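Just below is one structure, and these are the notes that go with it.
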Amino acid sequence: MTPAARFPLLLAASALATAQSFEQSQTFLRLYCAKCHEGTSPAAGFHLRSVAEPTSLKDNARKWTSLALRVRNVEMPPKNSPIPPLDERERFIGWVDHAVRVEACAAGPRGGPSPAHRLNRDEYAATIRDLFDMHLDIGQRLPADGAGGEGFDNAAETLFLSPLHAEKYLETAKLLADFAAREFKPRQRILVAKPGPGVTPTEAARRILDTFLPRAFRRPVPAAEAAPYLALYESARKQGLAFEPSVFFAIRAALVSPHFLFRVEPPNTTGAPRPLDQYALASRLSYFLWGSMPDELLLDVAASGQLQDPEVLRTMVGRMLRHDRSLNFAQRFIEQWLHTRELGGEKAPDAKLFPTYATDEELRADIRFQPILFFREVLVRGLPLTELIDSKYTIGTSNLTKHYGLTNLPLDKTRLKQPQLVEMPPGTNRGGLLGMAAVLAVSSHPYRTSPVLRGAWILDSMLGTPPPPPPANVPPLEDAMEPSSAKSMRERLEQHRLNPVCASCHSRIDPLGFALENYDAIGRWRDQDGGKPIDAAGTLIDGTAFNGPAELKKALFDRKDLFVRNITGRMLGYALGRGLSLTDSCAVDDIVAKVKENDYSSKAWIEAIVLSAPFREQAPAAVPARTSKERTKQ
Amino acid sequence: MAAPTTSKPPVRLAALYMPNGVNVAEWFPADKGSDYKLTPSLEPLRDLKDRVLVLSNLWNAASKGGDGHYVKEAAILTCTTIKKTPGADIANGISLDQLAALRVKNETPLPSLELGVTPVAIGVDAVVGYTRIYGSHIAWSNPTTPLAREINPRSAYERLFGAASGPKGNSAKMDALLLDRVLGDARMLRNRVGATDKIRLDEYLSVMRGLEERVQRASQKTANSWKPRVAIDASAAPPERPKDHAEHVRLMLDMMALAFQSDTTRVSTFMFGNAVSNVSFRFLEGVSAGHHDVSHHQKDADKLRQYQLINRWHVEQFAYLLNKLAGMKEGASTVLDNSMVLFASALSDGNKHDPHNLPLLLGGGGGGRLDTGRHLGYTEDTPLANLYVSMLDAFGAPVERFADSTGPLPGVLKAA
């Protein structure tokens, strides 16, 4: 999503979006920016002229969003210049976001760019599993992928290649081909023909490759593309290899080919948006909902040319979500959206302070999978998205029950250790994502809770309104308080907020976190901390007061549209595997509207994402501009 | 082990990156020159004092502004201001190590070796608007290509062993056939995609061609072909899962030493952690919090004490590597004599996110070129890039300029 689309800053700002006119925006700019950004040599080459006309909202949208971002992050106006008061700043930023989007959306949602995606290592591993019908923990052999776009590791733009990748792809392909050649199931899958009476070895190899290559490349493979692979088989024979090793050699090569390693969509050369190619759409769907290659049925539907049919797509989505493979999707989306993947790394609770967590592997797995399985149940059952804010149901196991100190969960006695969807009795304080240990732990320090981290986590992950970075020149905390005093965290933070610069954001961050203070750093319930009773009361600057998690969730429920907009932007970014543009955010608006019409149904939500223009359509290919050589020139 | 060969030993270049800056008061020595007194954080260098340069007052102008960490960390070896982006258009400069690697890439099986202990940080830092990719990479082969790191000691070992022992039987020939095919696929595909995808395929072509060249070189045995200076011991494979952070770091540094000793590569980088690393250092006596948390000490005496202990631990690891290299004989010299090992953080005081007066150490002999054993203090805000100009000179890859350099850094190299 463009930074601007995340602007409605913190809780109070969303209502302010339209409370300004173009004229008022000009007054703001003249007042705070004209000193440097006018005249013959405006600072950084930015002249206010370029945003002085209403048409600039459309023609110069980037200028608008980037200047608003700078104002939001308090980078502009610079130090030692008059800084607009917070409410004025937010009104301006909210207005820019709104106004730019209104202009961009006038033409309705459209298809966006369709960049080539390198399979990330999870996708690579899952694709290998399905291609060969074999289970090997192969992902660990490849370098981990970073992330970009909306924060996910399937973002095309950040799936770069380094020499290490090349080496690992070559090596892993050999390992896989050798393994497949020995195992029963993969052999059955691959060796669909064998030399014998009436079938020459070459003919058998041809049949094998004609079956394998379209599956590996996820589309029909024309003879001209398949022929070189048969030639590879022949070369291997000439090197003295037997029939099977020669076949597996050609297969090994296919696994290093860009046709396998990349999802490349045929470029749209029509000059206007158009529906996506059937096979490209099949791959989009399967890498979205399964994180793996399309299965036979999907490829068959693509071959019949019916995959663009909305009814067919709806059927496919339901079927794919119910399939086991959608667990992979739920896991990757949830662990990156909520950051709970970090529980296995730097955010791991301290082993000395929390020995139960550190020593009980089952409990750790249950904690980590609780939000993942819950999310999947919400999708599979088409429950409302608001269940993620608060719910009567959760995923329970005997370990979790014990961890949460709940005695009366109606778990299935025959499978106490298996995660299962259970209805909770009232008053458990365990509904929604915020009742789950994974979320409560990852938004804490490894050794104690932090209302600031939890508040910021809610603002960012739940509401999509991350707090701006702390200004560069704030006085350090201790100027307002004695170091290492025995004061409670609340007292320290209240003192912190005596400084108006800190208060402008922390008065919005901290109260949210305080409401969760009854949960310790691994999500257990507590009534006291350090011998003092927990005070879980907080008041937002718009006056909303709450005490404890139940009331916090109610306050969030009242802002559910902000939540739904946030999760929709993230999910669309995940589905497309790229960062969202301004035009994509028009589609987000449409999807959110559909979800609201359907009582926040998650079924309507996923369907609307799949049926949206950005998912099903493709913008015209970019005009060739710079080659990579020019790009990388020093 | 085979006897070391006697040809003139090559010069090696390494950079170790420590996240989160230092407790400044306990880091920089008070006096300059060769008679300086080691500070508490530098104390682990007591037996290596004459093999190390302590540098003060260098800074990285390109990493000013932006944010507190990503801009600094990504620029530590590039001295270039990164582009602020959640990912669509990442841009940095080429890094010191990669410029050196370009010069010698045809002389060793691996052009360079990138090592670390923590996986790439996932996601976009929404607060500051940078993809965390920036915080996870210090080696950049060109402005848009950060180099992936190996973090598993066993895989790193197997990679070195495989590269050093070269292809078996006709495997190089088969690999060459295979690579020729996939390069053909890529060229064909390149012709029918749009401009953006062409760039991606160019990246593919470039890394696969590099691999093809290596495979070909390895298969063409001539009198001048590369031979390991010391054979890699087939039975010395490290465990796949180190028991803790400290052991993990040591094992990766062992791999770097092994790569240098065998001459499998001459250029290597190692990251103790990603930018903003909050690895728990509670394994150190007296430390109770994570690395990044402690670096925001807010002048609290107890946090400063813990911060110093963490800094000191990193210097111990640096000393461990230098000692290891010093124990590796090659002819009349040691691998340390023929290496330059940079130790750097991209921040000075972590509490202030300050890129002035960076904590920098340079160890080793640089093939007889480095003039070690002193604390060199420069005039305020001398470009860090000047140090890199001098290092590239000693490495045998001299440049006129590196990023914002204004010349070589006086005092680093022995007078010619």
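Each chain of the structure tokens is named A, B, ... in the order shown, its residues numbered from 1; ligands are numbered from 1 in display order.
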For chain B versus chain A, which residues have an atom no more than 6 Å away, and what is each residue's nearest atom pair and distance in Å rounded to one decimal, using only C-alpha atoms, chain-then-number order, as a tab-separated table?
```
residue	atom	partner	partner_atom	distance
B:Pro86	CA	A:Gly148	CA	5.3
B:Gly87	CA	A:Gly148	CA	4.5
B:Ala88	CA	A:Glu157	CA	5.0
B:Val120	CA	A:Gly146	CA	5.7
B:Ile122	CA	A:Gly146	CA	5.2
B:Gly123	CA	A:Gly151	CA	4.2
B:Val124	CA	A:Gly151	CA	4.9
B:Val127	CA	A:Pro469	CA	5.5
B:Thr131	CA	A:Gly148	CA	5.5
B:Ile133	CA	A:Gly146	CA	5.4
B:Leu147	CA	A:Ser162	CA	5.4
B:Leu178	CA	A:Ala253	CA	5.4
B:Val182	CA	A:Ser257	CA	4.8
B:Ala186	CA	A:Pro258	CA	5.9
B:Val193	CA	A:Pro267	CA	5.6
B:Gly194	CA	A:Ala621	CA	5.4
B:Ala195	CA	A:Pro624	CA	4.6
B:Asp197	CA	A:Ala116	CA	5.7
B:Ile199	CA	A:Ser628	CA	5.2
B:Val207	CA	A:Pro163	CA	5.1
B:Met208	CA	A:Ala166	CA	5.9
B:Val279	CA	A:Glu346	CA	5.3
B:Gln298	CA	A:Pro476	CA	5.9
B:Asp300	CA	A:Pro483	CA	5.7
```
ask   = Using the chain letters and numbers from this document, which residues of range 135-323 of chain A does DSSP assign to strand (DSSP E or B), as a PyMOL selection string?
value = chain A and resi 148+152+196+199+262-263+274-275
Could you write those residues out with C-alpha atoms, as a PDB file, in the first residue's frame?
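Ended up saving to out_0.pdb:
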```
ATOM      1  CA  GLY A 148       8.939  -6.076   0.940  1.00  0.00           C
ATOM      2  CA  PHE A 152       5.553 -10.508   3.097  1.00  0.00           C
ATOM      3  CA  GLY A 196      10.315 -51.702 -24.322  1.00  0.00           C
ATOM      4  CA  VAL A 199       8.950 -47.961 -27.545  1.00  0.00           C
ATOM      5  CA  PHE A 262      10.052 -17.948 -11.713  1.00  0.00           C
ATOM      6  CA  ARG A 263       6.393 -17.379 -12.164  1.00  0.00           C
ATOM      7  CA  ARG A 274      -6.811  -7.084 -19.899  1.00  0.00           C
ATOM      8  CA  PRO A 275      -7.902 -10.280 -18.167  1.00  0.00           C
TER       9      PRO A 275
END
```
request  = Tell me, in Å to one decimal, how far CA of Leu400 in chain A is from CA of Gln331 in chain A.
outcome  =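 It comes out at 18.6 Å.
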ask   = Could you write out, as a PyMOL selection string, all the residues of range 298-350 of chain B that DSSP marks as alpha helix (DSSP H)?
value = chain B and resi 301-326
ask   = Counting only C-alpha atoms, what is within 9 Å of Tyr124 in chain A, bar same-chain residues fewer than 4 positions away, as a list in words?
value = Arg118, Leu119, Asn120, Ile128, Arg129, Ile138, Gly139, Leu261, Gly291 and Ser292 of chain A
query = In Å to one decimal, how far is CA of Cys33 in chain A from CA of Asp354 in chain B?
reply =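 Answer for the CA of Asp354 in chain B to CA of Cys33 in chain A separation: 27.7 Å.
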key: Nearby residues (only C-alpha atoms) at most 12 Å from Arg182 in chain A, same-chain spacing under 4 positions excluded, as a list in words   = Phe132, Met134, Leu175, Leu176, Ala177, Asp178, Pro186, Arg187, Gln188, Ile190, Leu191, Glu244, Pro245 and Phe248 of chain A
inquiry  = Taking 3 positions as the minimum chain separation for residues in the same chain, which residues sit within 8 Å of Leu110 in chain B when counting only C-alpha atoms? Answer as a PyMOL selection string.
reply    = chain B and resi 105+113+163+264-265
May I have the residues from that selection written out with N, CA and C atoms, as an mmCIF file, in the first residue's frame?
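Wrote again_12.cif, looks like this:
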```cif
data_model
loop_
_atom_site.group_PDB
_atom_site.id
_atom_site.type_symbol
_atom_site.label_atom_id
_atom_site.label_comp_id
_atom_site.auth_asym_id
_atom_site.auth_seq_id
_atom_site.Cartn_x
_atom_site.Cartn_y
_atom_site.Cartn_z
ATOM 1 N N LYS B 105 38.029 -12.479 -8.470
ATOM 2 C CA LYS B 105 36.994 -13.516 -8.541
ATOM 3 C C LYS B 105 37.420 -14.723 -9.381
ATOM 4 N N LEU B 113 32.613 -14.888 0.370
ATOM 5 C CA LEU B 113 31.848 -15.733 1.286
ATOM 6 C C LEU B 113 31.113 -14.831 2.273
ATOM 7 N N ALA B 163 33.551 -26.726 -2.983
ATOM 8 C CA ALA B 163 34.217 -25.793 -3.889
ATOM 9 C C ALA B 163 35.709 -26.100 -3.957
ATOM 10 N N THR B 264 40.066 -20.828 -0.497
ATOM 11 C CA THR B 264 38.827 -21.067 -1.238
ATOM 12 C C THR B 264 38.186 -19.736 -1.620
ATOM 13 N N THR B 265 38.396 -18.730 -0.780
ATOM 14 C CA THR B 265 38.044 -17.373 -1.163
ATOM 15 C C THR B 265 39.004 -16.427 -0.468
#
```
query = Which polymer residues have any atom within 7 Å of an atom of Lys72 in chain B, counting only C-alpha atoms, with same-chain residues fewer than 6 positions away left out, as a ChimeraX atom specification?
reply = /B:63,346-347
ask   = Suppose you want the space between CA of Val317 in chain A and CA of Phe212 in chain A; what is it in Å?
value = 25.8 Å
Produce a table with one row for each residue of range 290-365 of chain B that has an atom at most 6 Å from any atom of range 11-16 of chain B, each row naming the nearest atom pair and its distance in Å at one decimal; use only C-alpha atoms; arrange rows by chain and rising residue number; format as CSV.
```
residue,atom,partner,partner_atom,distance
B:Asn338,CA,B:Val11,CA,4.9
B:Ser339,CA,B:Arg12,CA,4.5
B:Met340,CA,B:Leu13,CA,4.9
B:Val341,CA,B:Ala14,CA,4.7
B:Leu342,CA,B:Ala15,CA,4.5
B:Phe343,CA,B:Leu16,CA,4.8
```
inquiry  = Under the rule that only C-alpha atoms are counted, which of B:Met18, B:Met256, B:Ile232, B:Leu53 is the nearest residue to Phe272 in chain B?
reply    =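 Using only C-alpha atoms, the shortest distance to Phe272 in chain B belongs to B:Met18.
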message = Need to verify the contact set: range 296-302 of chain A, 9 Å, only C-alpha atoms, exclusion of same-chain residues closer than 4 positions in sequence. Can you return it as a count of residues only?
response = 17
